[in-house]
file start_22.cif (mmCIF, C-alpha atoms and all ligand atoms)
data_run
#
loop_
_atom_site.label_atom_id
_atom_site.label_comp_id
_atom_site.auth_asym_id
_atom_site.auth_seq_id
_atom_site.Cartn_x
_atom_site.Cartn_y
_atom_site.Cartn_z
CA MET Z 156 20.28 16.13 -16.57
CA ALA Z 157 18.29 14.25 -13.95
CA LEU Z 158 18.94 13.39 -10.33
CA LEU Z 159 18.38 9.69 -9.73
CA VAL Z 160 18.27 7.80 -6.44
CA GLN Z 161 18.94 4.09 -6.99
CA LYS Z 162 18.65 1.54 -4.17
CA PHE Z 163 20.13 -1.95 -4.35
CA GLY Z 164 19.02 -4.59 -1.82
CA GLY Z 165 21.01 -7.27 -0.04
CA SER Z 166 20.85 -9.92 -2.75
CA SER Z 167 21.99 -7.37 -5.36
CA VAL Z 168 25.17 -6.70 -3.36
CA GLY Z 169 25.60 -10.20 -1.92
CA THR Z 170 29.10 -10.79 -3.31
CA VAL Z 171 32.02 -8.69 -4.48
CA SER Z 172 31.27 -9.51 -8.11
CA LYS Z 173 27.66 -8.40 -7.61
CA ILE Z 174 28.90 -5.15 -6.10
CA ARG Z 175 31.04 -4.62 -9.19
CA ASN Z 176 27.98 -5.33 -11.33
CA VAL Z 177 26.04 -2.65 -9.43
CA ALA Z 178 28.95 -0.24 -9.86
CA ARG Z 179 28.84 -0.82 -13.64
CA LYS Z 180 25.08 -0.17 -13.77
CA VAL Z 181 25.37 3.04 -11.77
CA ILE Z 182 28.29 4.26 -13.91
CA ALA Z 183 26.22 3.61 -17.05
CA ALA Z 184 23.46 5.87 -15.68
CA ARG Z 185 26.07 8.46 -14.66
CA GLU Z 186 27.56 8.43 -18.17
CA LYS Z 187 24.14 9.36 -19.54
CA GLY Z 188 24.58 12.62 -17.61
CA ASN Z 189 22.59 11.88 -14.47
CA ASP Z 190 23.55 12.85 -10.92
CA MET Z 191 23.60 9.61 -8.95
CA VAL Z 192 22.77 8.92 -5.31
CA VAL Z 193 23.00 5.21 -4.54
CA VAL Z 194 21.55 3.62 -1.40
CA LEU Z 195 22.85 0.18 -0.49
CA SER Z 196 21.76 -2.54 1.90
CA ALA Z 197 24.06 -4.87 3.77
CA MET Z 198 25.30 -7.91 1.84
CA LYS Z 199 22.66 -10.66 1.86
CA GLY Z 200 22.42 -12.42 5.23
CA GLU Z 201 24.74 -9.98 7.00
CA THR Z 202 22.11 -8.20 9.15
CA ASP Z 203 20.77 -11.58 10.33
CA ARG Z 204 24.30 -12.76 11.09
CA LEU Z 205 24.99 -9.69 13.21
CA LEU Z 206 21.67 -9.98 15.06
CA ASP Z 207 22.40 -13.63 15.85
CA LEU Z 208 25.75 -12.61 17.33
CA ALA Z 209 24.03 -10.11 19.62
CA HIS Z 210 21.56 -12.74 20.80
CA GLU Z 211 24.39 -15.17 21.41
CA VAL Z 212 25.84 -12.72 23.89
CA CYS Z 213 22.61 -12.20 25.83
CA GLU Z 214 18.84 -12.71 25.60
CA PHE Z 215 17.90 -9.01 25.63
CA PRO Z 216 20.90 -7.16 24.13
CA ASP Z 217 21.03 -3.43 24.73
CA PRO Z 218 19.12 -1.79 21.84
CA ARG Z 219 21.62 1.06 21.40
CA GLU Z 220 24.49 -1.37 21.00
CA VAL Z 221 22.45 -3.59 18.67
CA ASP Z 222 21.91 -0.61 16.35
CA SER Z 223 25.59 0.35 16.49
CA MET Z 224 26.43 -3.14 15.39
CA ILE Z 225 23.80 -3.99 12.79
CA SER Z 226 24.36 -0.69 11.00
CA THR Z 227 27.86 -1.88 10.09
CA GLY Z 228 26.58 -4.19 7.35
CA GLU Z 229 25.60 -1.22 5.20
CA GLN Z 230 28.89 0.55 5.96
CA VAL Z 231 30.80 -2.35 4.39
CA SER Z 232 28.60 -2.36 1.25
CA ILE Z 233 28.92 1.36 0.51
CA ALA Z 234 32.67 1.37 1.03
CA LEU Z 235 33.17 -1.65 -1.26
CA PHE Z 236 30.89 -0.04 -3.84
CA ALA Z 237 32.79 3.28 -3.75
CA MET Z 238 36.09 1.38 -4.15
CA ALA Z 239 34.66 -0.50 -7.15
CA VAL Z 240 33.44 2.71 -8.80
CA ARG Z 241 36.81 4.41 -8.30
CA ASP Z 242 38.56 1.35 -9.64
CA MET Z 243 36.46 1.75 -12.80
CA GLY Z 244 37.68 5.30 -13.23
CA HIS Z 245 34.84 7.36 -11.75
CA GLU Z 246 34.62 9.57 -8.68
CA ALA Z 247 32.63 8.20 -5.74
CA ILE Z 248 32.28 8.70 -2.01
CA SER Z 249 30.50 6.63 0.64
CA LEU Z 250 28.50 8.33 3.41
CA LEU Z 251 27.01 6.88 6.58
CA GLY Z 252 23.48 7.92 7.55
CA SER Z 253 24.90 10.51 9.96
CA GLN Z 254 27.23 11.96 7.31
CA ALA Z 255 24.36 12.08 4.83
CA GLY Z 256 22.27 14.16 7.28
CA ILE Z 257 19.63 11.53 8.09
CA HIS Z 258 18.23 12.51 11.49
CA THR Z 259 15.88 10.18 13.35
CA ASP Z 260 14.11 9.88 16.67
CA ALA Z 261 15.79 7.76 19.37
CA ILE Z 262 13.74 4.58 19.08
CA TYR Z 263 16.43 2.00 18.44
CA GLY Z 264 15.57 -0.73 15.98
CA LYS Z 265 12.57 1.12 14.56
CA ALA Z 266 13.63 4.75 14.39
CA ARG Z 267 11.65 7.18 12.25
CA ILE Z 268 13.27 9.80 10.06
CA ASP Z 269 12.56 13.29 11.45
CA ARG Z 270 14.46 15.32 8.90
CA ILE Z 271 17.18 15.11 6.29
CA ASP Z 272 19.85 17.79 5.81
CA PRO Z 273 21.12 16.95 2.31
CA GLU Z 274 23.89 19.60 2.25
CA ARG Z 275 26.81 17.19 2.23
CA ILE Z 276 25.22 15.01 -0.47
CA ARG Z 277 24.62 18.07 -2.64
CA ARG Z 278 28.21 19.21 -2.17
CA GLU Z 279 29.59 15.84 -3.20
CA LEU Z 280 27.24 15.67 -6.20
CA GLY Z 281 28.38 19.19 -7.11
CA ALA Z 282 31.96 17.89 -7.12
CA GLY Z 283 30.92 15.32 -9.71
CA LYS Z 284 30.92 12.29 -7.43
CA ILE Z 285 28.62 9.30 -7.32
CA VAL Z 286 27.33 9.39 -3.73
CA ALA Z 287 26.75 6.07 -1.96
CA VAL Z 288 24.64 6.30 1.20
CA ALA Z 289 24.25 3.57 3.81
CA GLY Z 290 20.65 2.42 3.90
CA PHE Z 291 18.69 1.52 7.04
CA GLN Z 292 20.48 3.92 9.41
CA GLY Z 293 20.40 7.42 10.84
CA VAL Z 294 21.50 9.39 13.85
CA ASP Z 295 19.46 10.77 16.75
CA ASP Z 296 19.77 14.19 18.38
CA THR Z 297 22.45 12.95 20.77
CA GLU Z 298 24.51 11.42 17.98
CA ASN Z 299 23.62 7.80 18.66
CA ILE Z 300 23.38 5.54 15.63
CA THR Z 301 19.85 4.31 14.99
CA THR Z 302 18.35 1.81 12.54
CA LEU Z 303 15.00 2.09 10.80
CA GLY Z 304 13.60 -1.45 11.08
CA ARG Z 305 14.07 -4.46 8.81
CA GLY Z 306 13.92 -3.63 5.12
CA GLY Z 307 14.57 0.01 6.02
CA SER Z 308 16.96 0.76 3.16
CA ASP Z 309 13.91 1.25 0.93
CA THR Z 310 12.80 4.01 3.29
CA THR Z 311 16.25 5.62 3.23
CA ALA Z 312 16.13 5.71 -0.57
CA VAL Z 313 12.67 7.22 -0.92
CA ALA Z 314 13.21 9.69 1.93
CA LEU Z 315 16.46 10.86 0.29
CA ALA Z 316 14.70 11.14 -3.07
CA ALA Z 317 12.06 13.33 -1.39
CA ALA Z 318 14.64 15.51 0.39
CA LEU Z 319 16.72 15.95 -2.76
CA LYS Z 320 13.65 16.39 -4.99
CA ALA Z 321 15.04 13.64 -7.19
CA ASP Z 322 13.47 13.01 -10.57
CA LEU Z 323 13.09 9.29 -9.90
CA CYS Z 324 13.69 6.71 -7.19
CA GLU Z 325 14.50 3.24 -8.49
CA ILE Z 326 14.38 0.24 -6.16
CA PHE Z 327 16.52 -2.53 -7.67
CA THR Z 328 15.91 -5.99 -6.26
CA ASP Z 329 16.03 -9.72 -7.05
CA VAL Z 330 12.58 -9.89 -8.72
CA GLU Z 331 11.34 -7.93 -11.73
CA GLY Z 332 8.83 -5.77 -9.87
CA VAL Z 333 5.77 -6.07 -7.65
CA TYR Z 334 3.82 -9.22 -8.45
CA THR Z 335 0.30 -10.43 -7.68
CA THR Z 336 1.97 -12.46 -4.94
CA ASP Z 337 5.48 -13.54 -4.01
CA PRO Z 338 6.85 -15.00 -7.28
CA ASN Z 339 9.14 -17.22 -5.22
CA VAL Z 340 6.07 -18.96 -3.78
CA VAL Z 341 3.66 -18.98 -6.72
CA LYS Z 342 5.28 -19.40 -10.12
CA GLU Z 343 2.09 -18.19 -11.88
CA ALA Z 344 2.33 -14.80 -10.12
CA ARG Z 345 2.14 -11.91 -12.61
CA LYS Z 346 4.03 -8.64 -12.60
CA ILE Z 347 1.80 -5.63 -11.90
CA PRO Z 348 2.85 -2.78 -14.23
CA ARG Z 349 1.25 -0.03 -12.10
CA ILE Z 350 0.04 -0.20 -8.52
CA SER Z 351 -1.50 2.58 -6.42
CA HIS Z 352 0.22 3.83 -3.27
CA ASP Z 353 -2.68 2.64 -1.11
CA GLU Z 354 -2.67 -0.89 -2.50
CA MET Z 355 1.11 -1.06 -2.28
CA MET Z 356 1.00 0.13 1.33
CA GLU Z 357 -1.50 -2.60 2.17
CA MET Z 358 0.57 -5.25 0.37
CA ALA Z 359 3.73 -4.06 2.16
CA SER Z 360 2.11 -3.89 5.58
CA LEU Z 361 0.70 -7.39 5.08
CA GLY Z 362 4.09 -8.88 4.34
CA ALA Z 363 5.04 -8.27 0.68
CA LYS Z 364 8.58 -7.30 1.60
CA VAL Z 365 9.49 -6.21 -1.93
CA LEU Z 366 8.92 -2.66 -0.59
CA GLU Z 367 9.05 -1.54 3.01
CA ILE Z 368 5.79 0.18 3.99
CA ARG Z 369 7.27 3.47 5.16
CA SER Z 370 9.03 3.92 1.84
CA VAL Z 371 5.62 3.86 0.14
CA GLN Z 372 4.26 6.37 2.65
CA PHE Z 373 7.14 8.72 1.82
CA ALA Z 374 6.54 8.24 -1.89
CA LYS Z 375 2.87 9.08 -1.47
CA ASN Z 376 3.34 12.05 0.87
CA PHE Z 377 6.15 13.65 -1.14
CA ASN Z 378 5.13 12.62 -4.66
CA VAL Z 379 8.28 10.66 -5.32
CA PRO Z 380 8.10 8.73 -8.60
CA LEU Z 381 8.92 5.15 -7.61
CA HIS Z 382 9.97 2.29 -9.88
CA VAL Z 383 10.61 -1.23 -8.54
CA ARG Z 384 12.76 -3.29 -10.91
CA SER Z 385 15.32 -6.04 -11.30
CA THR Z 386 19.05 -5.64 -10.77
CA PHE Z 387 19.73 -8.59 -13.02
CA VAL Z 388 17.24 -8.31 -15.91
CA ASP Z 389 16.79 -5.09 -17.83
CA THR Z 390 12.98 -4.93 -18.07
CA GLU Z 391 10.32 -2.42 -17.04
CA GLY Z 392 9.31 -3.12 -13.46
CA THR Z 393 6.39 -1.75 -11.45
CA LEU Z 394 5.51 1.92 -11.13
CA VAL Z 395 3.97 2.92 -7.82
CA VAL Z 396 1.52 5.68 -8.68
CA GLU Z 397 -1.30 7.84 -7.36
CA GLY Z 398 -4.54 5.85 -7.27
CA GLY Z 399 -8.07 7.01 -8.00
CA GLU Z 400 -9.83 7.86 -11.24
CA GLY Z 401 -8.61 6.01 -14.26
CA MET Z 402 -6.90 3.26 -12.28
CA GLU Z 403 -8.14 -0.19 -13.03
CA GLN Z 404 -10.10 -1.27 -9.95
CA GLN Z 405 -9.22 -4.89 -9.55
CA LEU Z 406 -11.40 -6.89 -7.23
CA VAL Z 407 -8.29 -8.44 -5.77
CA THR Z 408 -4.87 -7.04 -6.73
CA GLY Z 409 -2.67 -9.36 -4.77
CA VAL Z 410 -2.13 -11.96 -2.07
CA ALA Z 411 0.36 -11.36 0.74
CA TYR Z 412 1.62 -13.43 3.63
CA ASN Z 413 3.53 -12.74 6.80
CA LYS Z 414 5.28 -15.36 8.89
CA ASN Z 415 6.87 -12.82 11.17
CA GLU Z 416 4.05 -12.48 13.67
CA ALA Z 417 3.28 -14.39 16.84
CA ARG Z 418 0.08 -14.62 18.88
CA ILE Z 419 -0.35 -14.02 22.58
CA THR Z 420 -3.55 -15.07 24.36
CA ILE Z 421 -4.57 -14.02 27.86
CA PHE Z 422 -7.17 -16.40 29.27
CA LYS Z 423 -9.96 -15.53 31.69
CA VAL Z 424 -9.48 -11.80 31.89
CA PRO Z 425 -12.03 -10.06 34.15
CA ASP Z 426 -14.61 -8.50 31.78
CA LYS Z 427 -14.66 -4.94 33.08
CA PRO Z 428 -13.76 -1.46 31.83
CA GLY Z 429 -10.08 -0.51 31.75
CA VAL Z 430 -8.60 -3.99 31.57
CA ALA Z 431 -7.78 -3.97 27.85
CA ALA Z 432 -6.33 -0.48 28.24
CA GLN Z 433 -4.03 -1.71 31.00
CA VAL Z 434 -2.70 -4.54 28.81
CA PHE Z 435 -2.16 -2.52 25.64
CA GLU Z 436 -0.77 0.56 27.39
CA ALA Z 437 1.97 -1.57 28.90
CA ILE Z 438 2.80 -3.01 25.49
CA SER Z 439 2.82 0.30 23.66
CA ALA Z 440 4.99 1.85 26.39
CA ALA Z 441 7.65 -0.62 25.22
CA ASN Z 442 7.20 0.61 21.61
CA ILE Z 443 5.75 -2.72 20.56
CA VAL Z 444 3.24 -2.56 17.76
CA VAL Z 445 0.17 -4.76 18.09
CA ASP Z 446 -1.51 -5.94 14.91
CA MET Z 447 -4.71 -7.98 15.20
CA ILE Z 448 -6.75 -8.08 18.40
CA ILE Z 449 -9.63 -10.42 19.19
CA GLN Z 450 -11.70 -10.56 22.36
CA ASN Z 451 -13.95 -13.56 23.01
CA THR Z 452 -16.61 -13.35 25.65
CA ARG Z 453 -16.97 -16.42 27.84
CA ALA Z 454 -19.95 -17.34 29.91
CA GLY Z 455 -19.92 -15.30 33.12
CA ASP Z 456 -17.80 -12.22 33.61
CA MET Z 457 -14.59 -13.45 32.01
CA THR Z 458 -13.15 -12.92 28.55
CA ASP Z 459 -10.12 -14.13 26.54
CA ILE Z 460 -7.96 -11.60 24.66
CA SER Z 461 -5.74 -12.66 21.75
CA PHE Z 462 -3.46 -10.40 19.77
CA THR Z 463 -0.48 -10.57 17.44
CA VAL Z 464 2.91 -8.84 17.60
CA GLY Z 465 6.02 -9.07 15.45
CA LYS Z 466 8.14 -12.15 16.21
CA THR Z 467 11.10 -9.95 17.13
CA ASP Z 468 9.00 -8.35 19.89
CA PHE Z 469 7.47 -11.63 21.06
CA LYS Z 470 9.74 -12.43 24.03
CA GLN Z 471 9.55 -8.93 25.41
CA ALA Z 472 5.77 -8.76 24.89
CA MET Z 473 5.32 -12.09 26.72
CA GLU Z 474 7.27 -10.79 29.72
CA ILE Z 475 5.15 -7.65 29.86
CA VAL Z 476 1.85 -9.49 29.43
CA LYS Z 477 2.70 -12.06 32.09
CA ARG Z 478 3.38 -9.21 34.51
CA VAL Z 479 0.13 -7.40 33.66
CA ALA Z 480 -1.84 -10.67 33.79
CA ILE Z 481 -0.97 -11.01 37.47
CA GLU Z 482 -2.01 -7.40 38.13
CA ILE Z 483 -5.40 -7.81 36.42
CA LYS Z 484 -5.93 -11.30 37.88
CA ALA Z 485 -6.16 -13.13 34.56
CA GLU Z 486 -5.83 -16.91 34.63
CA ARG Z 487 -2.84 -17.50 32.33
CA VAL Z 488 -0.95 -16.36 29.23
CA MET Z 489 -0.07 -18.46 26.20
CA GLY Z 490 2.17 -17.65 23.22
CA ASP Z 491 2.20 -19.21 19.76
CA GLN Z 492 4.96 -18.48 17.26
CA SER Z 493 3.85 -20.93 14.58
CA ILE Z 494 1.19 -18.76 12.98
CA ALA Z 495 1.03 -16.93 9.67
CA LYS Z 496 -1.21 -14.23 8.29
CA VAL Z 497 -2.48 -14.53 4.72
CA SER Z 498 -4.23 -11.58 3.15
CA ILE Z 499 -5.95 -10.51 -0.02
CA VAL Z 500 -5.72 -6.87 -1.12
CA GLY Z 501 -7.71 -4.91 -3.66
CA ALA Z 502 -9.38 -1.53 -4.02
CA GLY Z 503 -12.34 -3.12 -5.81
CA MET Z 504 -13.20 -5.11 -2.70
CA GLN Z 505 -14.96 -2.18 -1.02
CA THR Z 506 -17.95 -2.52 -3.31
CA ASN Z 507 -18.13 -6.29 -3.49
CA PRO Z 508 -19.69 -8.15 -0.57
CA GLY Z 509 -18.89 -11.69 -1.73
CA VAL Z 510 -15.12 -11.53 -1.43
CA ALA Z 511 -14.76 -12.53 2.22
CA SER Z 512 -16.93 -15.62 1.94
CA LYS Z 513 -15.09 -16.66 -1.22
CA MET Z 514 -11.80 -16.40 0.65
CA PHE Z 515 -13.02 -18.38 3.66
CA SER Z 516 -14.54 -21.11 1.46
CA ALA Z 517 -11.31 -21.47 -0.52
CA LEU Z 518 -9.33 -22.00 2.68
CA ALA Z 519 -11.95 -24.36 4.11
CA ALA Z 520 -11.84 -26.47 0.94
CA GLU Z 521 -8.17 -27.15 1.74
CA ASP Z 522 -8.99 -27.87 5.41
CA ILE Z 523 -7.13 -24.78 6.55
CA ASN Z 524 -8.48 -23.50 9.83
CA ILE Z 525 -8.81 -19.74 10.35
CA SER Z 526 -8.07 -18.58 13.88
CA MET Z 527 -8.31 -14.79 13.52
CA ILE Z 528 -9.80 -12.48 10.89
CA SER Z 529 -9.41 -8.79 10.29
CA THR Z 530 -10.77 -6.63 7.49
CA SER Z 531 -10.41 -3.09 6.19
CA GLU Z 532 -11.90 -1.42 3.14
CA ILE Z 533 -9.28 -2.88 0.84
CA LYS Z 534 -8.02 -6.04 2.54
CA ILE Z 535 -9.04 -9.20 4.36
CA SER Z 536 -6.51 -11.05 6.54
CA CYS Z 537 -6.73 -14.47 8.16
CA VAL Z 538 -4.39 -15.99 10.72
CA ILE Z 539 -3.70 -19.67 10.04
CA ASP Z 540 -1.25 -22.35 11.06
CA GLU Z 541 2.19 -21.41 9.67
CA LYS Z 542 2.68 -24.76 7.96
CA TYR Z 543 -0.19 -24.04 5.53
CA THR Z 544 1.12 -20.63 4.41
CA GLU Z 545 2.34 -21.54 0.92
CA LEU Z 546 -0.70 -23.70 0.23
CA ALA Z 547 -3.06 -20.91 1.33
CA VAL Z 548 -1.26 -18.34 -0.81
CA ARG Z 549 -1.40 -20.57 -3.90
CA VAL Z 550 -5.08 -21.38 -3.38
CA LEU Z 551 -6.11 -17.75 -2.88
CA HIS Z 552 -4.05 -16.63 -5.87
CA LYS Z 553 -5.91 -19.14 -8.04
CA THR Z 554 -9.34 -18.57 -6.49
CA PHE Z 555 -9.24 -14.89 -7.37
CA GLY Z 556 -7.96 -15.56 -10.88
CA LEU Z 557 -4.71 -13.69 -10.36
CA ASP Z 558 -2.81 -16.12 -12.54
CA LYS Z 559 -4.82 -14.95 -15.56
CA GLU Z 560 -4.71 -11.70 -17.52
CA GLU Z 561 -7.87 -9.58 -17.38
CA ASN Z 562 -8.96 -11.66 -14.47
CA ASN Z 563 -11.26 -10.24 -11.94
CA LYS Z 564 -12.49 -6.76 -12.64
CA SER Z 565 -15.41 -5.74 -10.46
P1 LIG V 1 15.98 -6.61 -1.23
O1 LIG V 1 17.07 -7.36 -0.55
O2 LIG V 1 16.30 -6.25 -2.65
O3 LIG V 1 15.47 -5.46 -0.42
P2 LIG V 1 13.72 -8.22 -0.38
O4 LIG V 1 14.07 -9.63 -0.09
O5 LIG V 1 13.55 -7.29 0.77
O6 LIG V 1 14.80 -7.66 -1.40
O7 LIG V 1 12.39 -8.15 -1.27
C1 LIG V 1 12.31 -8.88 -2.47
C2 LIG V 1 11.57 -10.18 -2.21
O8 LIG V 1 10.22 -9.88 -1.87
C3 LIG V 1 11.44 -11.09 -3.40
O9 LIG V 1 12.57 -11.92 -3.56
C4 LIG V 1 10.16 -11.88 -3.12
O10 LIG V 1 10.43 -13.17 -2.61
C5 LIG V 1 9.47 -11.07 -2.02
N1 LIG V 1 8.08 -10.73 -2.31
C6 LIG V 1 7.04 -10.94 -1.45
N2 LIG V 1 5.90 -10.55 -2.02
C7 LIG V 1 6.18 -10.05 -3.25
C8 LIG V 1 5.41 -9.50 -4.31
N3 LIG V 1 4.08 -9.35 -4.20
N4 LIG V 1 6.05 -9.12 -5.44
C9 LIG V 1 7.38 -9.25 -5.56
N5 LIG V 1 8.18 -9.78 -4.60
C10 LIG V 1 7.59 -10.18 -3.45
N1 LIG V 2 20.00 -4.69 5.95
C1 LIG V 2 18.71 -4.35 6.51
C2 LIG V 2 17.85 -5.59 6.65
O1 LIG V 2 18.32 -6.69 6.35
C3 LIG V 2 17.99 -3.27 5.74
C4 LIG V 2 17.59 -3.64 4.33
O2 LIG V 2 18.09 -4.60 3.76
O3 LIG V 2 16.76 -2.90 3.76
O4 LIG V 2 16.74 -5.50 7.10
MG MG V 3 14.11 -5.31 1.18
#
call {"tool": "encode", "arguments": {"input": "start_22.cif", "output": "structure tokens"}}
result
Amino acid sequence: MALLVQKFGGSSVGTVSKIRNVARKVIAAREKGNDMVVVLSAMKGETDRLLDLAHEVCEFPDPREVDSMISTGEQVSIALFAMAVRDMGHEAISLLGSQAGIHTDAIYGKARIDRIDPERIRRELGAGKIVAVAGFQGVDDTENITTLGRGGSDTTAVALAAALKADLCEIFTDVEGVYTTDPNVVKEARKIPRISHDEMMEMASLGAKVLEIRSVQFAKNFNVPLHVRSTFVDTEGTLVVEGGEGMEQQLVTGVAYNKNEARITIFKVPDKPGVAAQVFEAISAANIVVDMIIQNTRAGDMTDISFTVGKTDFKQAMEIVKRVAIEIKAERVMGDQSIAKVSIVGAGMQTNPGVASKMFSALAAEDINISMISTSEIKISCVIDEKYTELAVRVLHKTFGLDKEENNKS
């Protein structure tokens, strides 16, 4: 008998009939003799709806209250699911993050899981029940409800699988696995049967939202076997596995895009030690994560600094930067929310110097201007105008032969 953690995302539980479908699938696995822990997301669109409500009330809603509210979407899903399972003649119980022992730090909206006490889950499993746990939420040391950041139900599932030493964690979603790029943008995208943790982490951090990045970190750190697959089609999906020897080293494994970033530029910053530190310390003190940073030197003793932050942090970051700009005597601050980041990812890239120029030429051939570039050993990212995102993704996917089998080995 195995212990399985199965996670179903928002589109898999988007309607009552879909919830009943999920209940049937879970019962089928239970009837094969498995212990079942099921993590659910809010019904599709619900988290956005709740966030919009908060922003209707005020521009900067209190983060504690936002988390109390947006965590309710998952509470509805698990309760409906447990009702459906019971209606089909099986035992089930729904548990909130706090009841399931998921303890986090106190950073609302992007809390990190500190520890999991799985006692209650084990007890309920011992009593023969299917246990449904609310994804995306936890509780801090003073019993405030926290949420883990968008897409965080994936992290709940893998973290629970690690804490329970589950035999397998299955992430059920609306596509058949991890593809060479978003299959909803490029119809020639191919399913990747096995992907290494490191490549998957890059893809996730660069915008491939099929898995949330921290879930992959948990899977890697705690050796959780992870399978991404479809809720609606019964096929093998993608296994996320240890990389290294024996793995096929593709030159480029995938193309990712992210439209959820915005750029802030501070013009004519005095070019002297300590100025950048002053800007970025103020931003990090507000728990805002900065992604790309570029500094251009101007003639004389002035420089321009550009950087990107998540769109949800944009307003707050602008306020902070405008304040600091006055302190450091910079000329002015400008924000741009109509950018996108397109990236190519692949472990084989480290040993192949021609990849970057091939990427830039492909974008240039379509007249797509690149405004920022960043590279690491296994990825290259370019910031472009948001309206060219889909075109850029399609062009890069084709340029690196990802639409073909046996395409681009180094
Ligand atoms: P869920 O609600 O199940 O968590 P998400 O919407 O968070 O689902 O993630 C699934 C979506 O991720 C897909 O519908 C697809 O559009 C998108 N996606 C982006 N990049 C990829 C990729 N490389 N492979 C598969 N799906 C991807
Ligand atoms: N409901 C949350 C969100 O929309 C968490 C998740 O779906 O994973 O981000
Ligand atoms: Mg998701």
call {"tool": "closest_residue", "arguments": {"input": "start_22.cif", "among": "Z:Met156, Z:Ile368, Z:Val192, Z:Leu315", "to": "ligand LIG 1 (chain V)", "atoms": "only C-alpha atoms and all ligand atoms"}}
result
Z:Ile368
call {"tool": "atom_distance", "arguments": {"input": "start_22.cif", "atom1": "CA of Ser232 (chain Z)", "atom2": "atom O2 of ligand LIG 1 (chain V)"}}
result
13.5 Å
call {"tool": "atom_distance", "arguments": {"input": "start_22.cif", "atom1": "CA of Gly465 (chain Z)", "atom2": "CA of Arg305 (chain Z)"}}
result
11.4 Å
call {"tool": "residues_near_ligand", "arguments": {"input": "start_22.cif", "ligand": "ligand LIG 1 (chain V)", "cutoff": "10 Å", "atoms": "all atoms listed in the file", "output": "mmCIF file with C-alpha atoms, in the frame of the given file"}}
result
data_model
loop_
_atom_site.group_PDB
_atom_site.id
_atom_site.type_symbol
_atom_site.label_atom_id
_atom_site.label_comp_id
_atom_site.auth_asym_id
_atom_site.auth_seq_id
_atom_site.Cartn_x
_atom_site.Cartn_y
_atom_site.Cartn_z
ATOM 1 C CA LYS Z 162 18.650 1.540 -4.170
ATOM 2 C CA PHE Z 163 20.130 -1.950 -4.350
ATOM 3 C CA GLY Z 164 19.020 -4.590 -1.820
ATOM 4 C CA GLY Z 165 21.010 -7.270 -0.040
ATOM 5 C CA SER Z 166 20.850 -9.920 -2.750
ATOM 6 C CA SER Z 167 21.990 -7.370 -5.360
ATOM 7 C CA VAL Z 168 25.170 -6.700 -3.360
ATOM 8 C CA GLY Z 169 25.600 -10.200 -1.920
ATOM 9 C CA LEU Z 195 22.850 0.180 -0.490
ATOM 10 C CA SER Z 196 21.760 -2.540 1.900
ATOM 11 C CA ALA Z 197 24.060 -4.870 3.770
ATOM 12 C CA MET Z 198 25.300 -7.910 1.840
ATOM 13 C CA LYS Z 199 22.660 -10.660 1.860
ATOM 14 C CA GLY Z 200 22.420 -12.420 5.230
ATOM 15 C CA ARG Z 305 14.070 -4.460 8.810
ATOM 16 C CA GLY Z 306 13.920 -3.630 5.120
ATOM 17 C CA GLY Z 307 14.570 0.010 6.020
ATOM 18 C CA SER Z 308 16.960 0.760 3.160
ATOM 19 C CA ASP Z 309 13.910 1.250 0.930
ATOM 20 C CA ILE Z 326 14.380 0.240 -6.160
ATOM 21 C CA PHE Z 327 16.520 -2.530 -7.670
ATOM 22 C CA THR Z 328 15.910 -5.990 -6.260
ATOM 23 C CA ASP Z 329 16.030 -9.720 -7.050
ATOM 24 C CA VAL Z 330 12.580 -9.890 -8.720
ATOM 25 C CA GLU Z 331 11.340 -7.930 -11.730
ATOM 26 C CA GLY Z 332 8.830 -5.770 -9.870
ATOM 27 C CA VAL Z 333 5.770 -6.070 -7.650
ATOM 28 C CA TYR Z 334 3.820 -9.220 -8.450
ATOM 29 C CA THR Z 335 0.300 -10.430 -7.680
ATOM 30 C CA THR Z 336 1.970 -12.460 -4.940
ATOM 31 C CA ASP Z 337 5.480 -13.540 -4.010
ATOM 32 C CA PRO Z 338 6.850 -15.000 -7.280
ATOM 33 C CA ASN Z 339 9.140 -17.220 -5.220
ATOM 34 C CA VAL Z 340 6.070 -18.960 -3.780
ATOM 35 C CA VAL Z 341 3.660 -18.980 -6.720
ATOM 36 C CA ALA Z 344 2.330 -14.800 -10.120
ATOM 37 C CA ARG Z 345 2.140 -11.910 -12.610
ATOM 38 C CA LYS Z 346 4.030 -8.640 -12.600
ATOM 39 C CA ILE Z 347 1.800 -5.630 -11.900
ATOM 40 C CA MET Z 355 1.110 -1.060 -2.280
ATOM 41 C CA MET Z 358 0.570 -5.250 0.370
ATOM 42 C CA ALA Z 359 3.730 -4.060 2.160
ATOM 43 C CA LEU Z 361 0.700 -7.390 5.080
ATOM 44 C CA GLY Z 362 4.090 -8.880 4.340
ATOM 45 C CA ALA Z 363 5.040 -8.270 0.680
ATOM 46 C CA LYS Z 364 8.580 -7.300 1.600
ATOM 47 C CA VAL Z 365 9.490 -6.210 -1.930
ATOM 48 C CA LEU Z 366 8.920 -2.660 -0.590
ATOM 49 C CA GLU Z 367 9.050 -1.540 3.010
ATOM 50 C CA VAL Z 383 10.610 -1.230 -8.540
ATOM 51 C CA ARG Z 384 12.760 -3.290 -10.910
ATOM 52 C CA SER Z 385 15.320 -6.040 -11.300
ATOM 53 C CA THR Z 386 19.050 -5.640 -10.770
ATOM 54 C CA THR Z 393 6.390 -1.750 -11.450
ATOM 55 C CA THR Z 408 -4.870 -7.040 -6.730
ATOM 56 C CA GLY Z 409 -2.670 -9.360 -4.770
ATOM 57 C CA VAL Z 410 -2.130 -11.960 -2.070
ATOM 58 C CA ALA Z 411 0.360 -11.360 0.740
ATOM 59 C CA TYR Z 412 1.620 -13.430 3.630
ATOM 60 C CA ASN Z 413 3.530 -12.740 6.800
#
